[in-house]
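K.L.:
The structure follows.
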Amino acid sequence: MSQRFTVTKPAVQGDINNEVEIVGGDKPPSIQAAENDTAGGASSAKNGKKYSRLINSGSGDFYGSVAGYSEEGAPFMNDAEKGVNNDGNLALYEDDFKHRPKISSLLNTLANYKTLPEHSQEPEGRDKQLKNVAPQMGTLMGVYLPCLQNILGVILFIRLTWIVGNAGALESFFIIVISCATTSLTAISMSAVATNGVVPAGGSYFMISRALGPEFGGAVGVLFYLGTTFASSMYILGAIEILLVYIAPVIAIFDDGVGSGTTSNSPDMLNNMRVYGTIILFVLSLLVFVGVKYVNKCALLFLFCVVISIFCIYIGVFIPNDLQFCCLDDNIAIHSDFRSIEECTLYFQGNASVPSTLGQSLCDADDLKVDECVSYLSKHSAKLTPAIPGLGNGLFSDNLKNLYRDGGEVLPREEGKGPNEIVSDITTSFTILLAIFFPSVTGIMAGSNRSGDLKDAQFSIPRGTLGAIFTTSLIYITCVLFFAGAVRGEILRDKFGESIDGGLVVANIAWPSQWVILIGSFLSTIGAGLQSLTGAPRLLQAIAKDNLIPFLAVFGKGSAIGEPTWALLLTAAISELGIIIAKLDSVAPIITMFFLMCYMFVNLACALQTLLRTPNWRPRFKYYHWSLSFIGMVMCVSLMFISSWYYALAAMALAGCIYKYIEYRGAEKEWGDGLRGLSLQAARYSLLRLEEGPPHTKNWRPQVLVLCKLDEELLPKHRRLLSFASQLKAGRGLTLVSSVIEGDYTTKYPESQAAAQELRKVMTEEKVKGFHQVLIARDVNDGISACIQMSGLGGLQHNTVIAGWPYGWRQSTDDRAFRVFLNVVRNVSSMHNALLVPKNITLFPSNDQKLEGGSIDVWWIVHDGGMLMLLPFLLRQHKVWKNCTMKIYTVAQMEDNSIQMKKDLKTFLYHLRIDAEIEVVELPGCDISAYTYERTLLMEQRTQLLRQMKLTRKESSFDAQAIVDLHHIPASETDGASPAKNTGRKVRFARQESSPFDEESEKEEVLNVSNLTDINEVTEDDVDLMDMEPEKQKADAADNDTDGLLDIKPSDRNVRRMHTAVRLNEIIVEKSHKAHLVILNLPGPPKLQRKEQNYMEYLEVLTEGLERVLMVRGGGREVITIYS
């Protein structure tokens, strides 16, 4: 989705100093939504310029270009916010407000930001469709119930009793624990990833692709989509089987008259399943097409039946059942044809010499003669036995241990005798039963797949998913215990209920009637299929909109309200393929592989991001750990190969093919020679990948360039700058430390090497992991500019610069003391890098200190990309600042609604997953105080006095040259020599430059006469003039102008800016005088050179009385995002 705002700016005109003034400043610029920009809106822009700015819903960034300005790529730029108010409250930041939004308007935009599918665009006629937006669901309807319905599938009703009978209660308990533990660990990882930002449509695919990249995300997303789609086929086929075999066999269309139409795996049965499956698929697809709202209404009905069925099972285990079966030797179940007293006997009418029908079948199986048969039967017994005695009959101990059999065995290592004994149809073992049971717990992604329909995915996904897993795990475990304690083991092992007239075992347990379970299981499978058909199209739509696979792009389109119509059609077609197969056993293993692969990558994503500690990794869900994610990942891989190793390899191969297809256009493989060649190639490949484009906002981290000043001994003068950089980086990312030595490279090279060694030593002591460089330049400004421009390699370049504050600039009469600093600010801004200026750096804590309590106070006045929000979070990752809390202050003016601003700021921080105390400070308009006026007057008098006292270097050079030229008599006039002999002589002044930000920046200028061929050419008057003290020269030149200083009247602009600095400083000192660190916006530098000293004075006033200050100026791009 892209939201466009139209800003109508009043007409402007420039003054002689190229400074823009607003004509009619009493009317602020107007802002309105572009979609609603009618004719009236167009007419309102006739008298001014029209600007637009886009909000990218995918990344949470604001972007776009602004006509009339040269700034590019600066996010959150809002030209309407001029910041010029009549009361002058924030006049100091008025230049910034021309290109950056005011906090009050920004917060309103962000707080009302909607979680819509990424890359989606608003349909035409949006104003008419606002009433028909997709439903916004909560935790219960959007996550908990869909997960519950998907997890409680056919396995509970058809296979769980059989698993308990073969594995025993103890091993069945461990099967459930292992399966539920795998899904629980995956759900914990998924909760962490899902709460690490806003999760649009796509759910698990979105989380994996944004955490591990598009290749992994696309591959796993496609496989998970196929698994979810085929799962809908499986659920529909299961529902048809329950319908035709147990509920209504008479509706079979294909039947040869002997019941083949309801016999499992018969051709007639398969044809019946294809016909009825297609009909049900069409009905469910139509229901999904109508809207997810109606799906939820049907889901409630289906889930209600399931819950009622489970309660009926719980009641039934406590009530004895009169159901009986024929039992041979008290451990073998006999077919239901012998369920009467007359038939369930080994002898005919009690005559021990005549075998009954049952007895004869046993003898025929062993080819025994009559005499031998009688003797054989005397060793066995048959009787009618209660099938479901209920709890308290001592059955739990009998069913505690396993009874694994091979196919065709009635007991372990004992073949069945005759067709009347119930034998095992397949070989059973712990791993096989685990593989069969695991699909019954694979519905945990049902809620995350519909994340685009959730009101608050961060809140709903973890709570709903974990709640559903806990509920279903409890149901499965209690059912295992109840089945083992209430049902005979022979009945539990009867997979198809052949000993009880082909009925469902669990249906016969239920009270009051088996029809409760039959109807409940049918609706349960229908509901699970409906949930799969709801989630799969949304997953495909999210993949298609990312344009990872070009031929899927058409399926990214949807209806006017965002329903994935085209994706639903493809999903229905693929699901129909599964229904045509008509065999559950053929599609179930590959479905399990798809789910397990998705779960594995969710765990991998959580583990990697936790270990890497990326700045954007701030999950709101706190109960996770990388070791849990790693264990979950290992369990998923193990279960894949336990279930079916060849299906596991096939699924991995398919995922690999999709991965390479997505990657191949940008991938380049060149294998070197040996491990070193591989390492070099990997480094080269990584650097080239970084060159492909700027990093996404969520991957942004400060790559720091530290401008370090050296003292006379070539040691870092302020090594706490390196300590601060180490604390900010916490040993991660790129750190470059640069210093500049003034002079000639040929003579200063040894000093640069010595300085480099000292830098490396200090970096090691301060635990700064990075690179250092010492540059030799003839001019300090040029050297620093070169460091800012050229540091780094390829895409591995800095994006943040840390520079020291020019201490002592007030005590210096040379403006070079602060112009080096201002040039750094301008150069960094030109490169769109962030700038950090710590003031009072000597008071900052060292790496050995640990601050206890206290706070880091952020004064958010101008939004410049989110640096002010990100820096406290990064600092608190280090042990020095770990125990500090975070406080955020923002300023509200008279026209702002402070209550709404605070509410919007809370919403914004909630989406950012940042915990901080919030306070909106009201800055009402007030008269300018006498102190402010006097402070401004003193500032302007000082500036004027310095301007009068001091000549520029260029003027000094011209004056001195004129003196020499005046007294120098050309040789051509005295001895007839060539006039060209001495014409090239000039007198120049050599000066000893100091290093940047020097506190003692007084420069002495002396006459250099080394180029003169004859020293006698310089007169004594010249030497006297050149030896005169500079201060005395300046004082004599200024005597005639000092009287005019008393008549200076401060300009209104300077008074308003000083008023802003004084008022803000008073509030900051009042609120944050106990804070360990105060972070605030660094105002933009002035464009005019004559205003530079005033700018420095404003900064001094703004930060007076504060112990530790960090002034921050963003680089013009977003560095923090609400997305995962």
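In the structure tokens, the first chain shown is A, the next is B, and so on; residue numbers restart at 1 for each chain, and ligands run from 1 in the order shown.
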Taking the chain letters and numbering used in this document, name the residues of region 310-512 of chain A that DSSP puts in helix (DSSP H, G or I), as a ChimeraX atom specification.
P.N.:
/A:310-316,336-338,357-365,370-377,395-398,430-441,448-453,457-486,489-492,498-500,505-509
K.L.:
Which value, in Å to one decimal, gives the distance between CA of Leu836 (chain A) and CA of Ala725 (chain A)?
P.N.:
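Taking CA of Leu836 (chain A) as the start and CA of Ala725 (chain A) as the end point, the length is 10.1 Å.
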K.L.:
What is the CA of Pro564 (chain A) to CA of Gly291 (chain A) distance in Å?
P.N.:
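Atom-to-atom, CA of Pro564 (chain A) to CA of Gly291 (chain A), that is 10.0 Å.
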K.L.:
Give the answer as one residue: which of A:Met273, A:Phe230, A:Gln877, A:Leu577 has the shortest atom-to-atom distance to Ile251 (chain A), using only C-alpha atoms?
P.N.:
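Of all the options, A:Met273 lies closest to Ile251 (chain A).
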K.L.:
I'd like the neighbourhood of Ile240 (chain A) as a PDB file with C-alpha atoms, in the first residue's frame, where a residue qualifies if any of its atoms comes within 9 Å (using only C-alpha atoms), though same-chain residues fewer than 5 positions away should be ignored.
P.N.:
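File part_26.pdb, as written:
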```
ATOM      1  CA  TYR A 235      -8.789 -33.325   4.867  1.00  0.00           C
ATOM      2  CA  VAL A 245     -17.728 -45.800   5.199  1.00  0.00           C
ATOM      3  CA  ASN A 272     -16.774 -42.198  -5.190  1.00  0.00           C
ATOM      4  CA  MET A 273     -14.127 -40.186  -3.346  1.00  0.00           C
ATOM      5  CA  TYR A 276     -17.769 -36.310  -3.763  1.00  0.00           C
ATOM      6  CA  GLY A 277     -14.362 -34.735  -3.111  1.00  0.00           C
ATOM      7  CA  ILE A 280     -17.047 -30.565  -1.490  1.00  0.00           C
ATOM      8  CA  PHE A 522     -16.737 -35.265   9.672  1.00  0.00           C
TER       9      PHE A 522
END
```
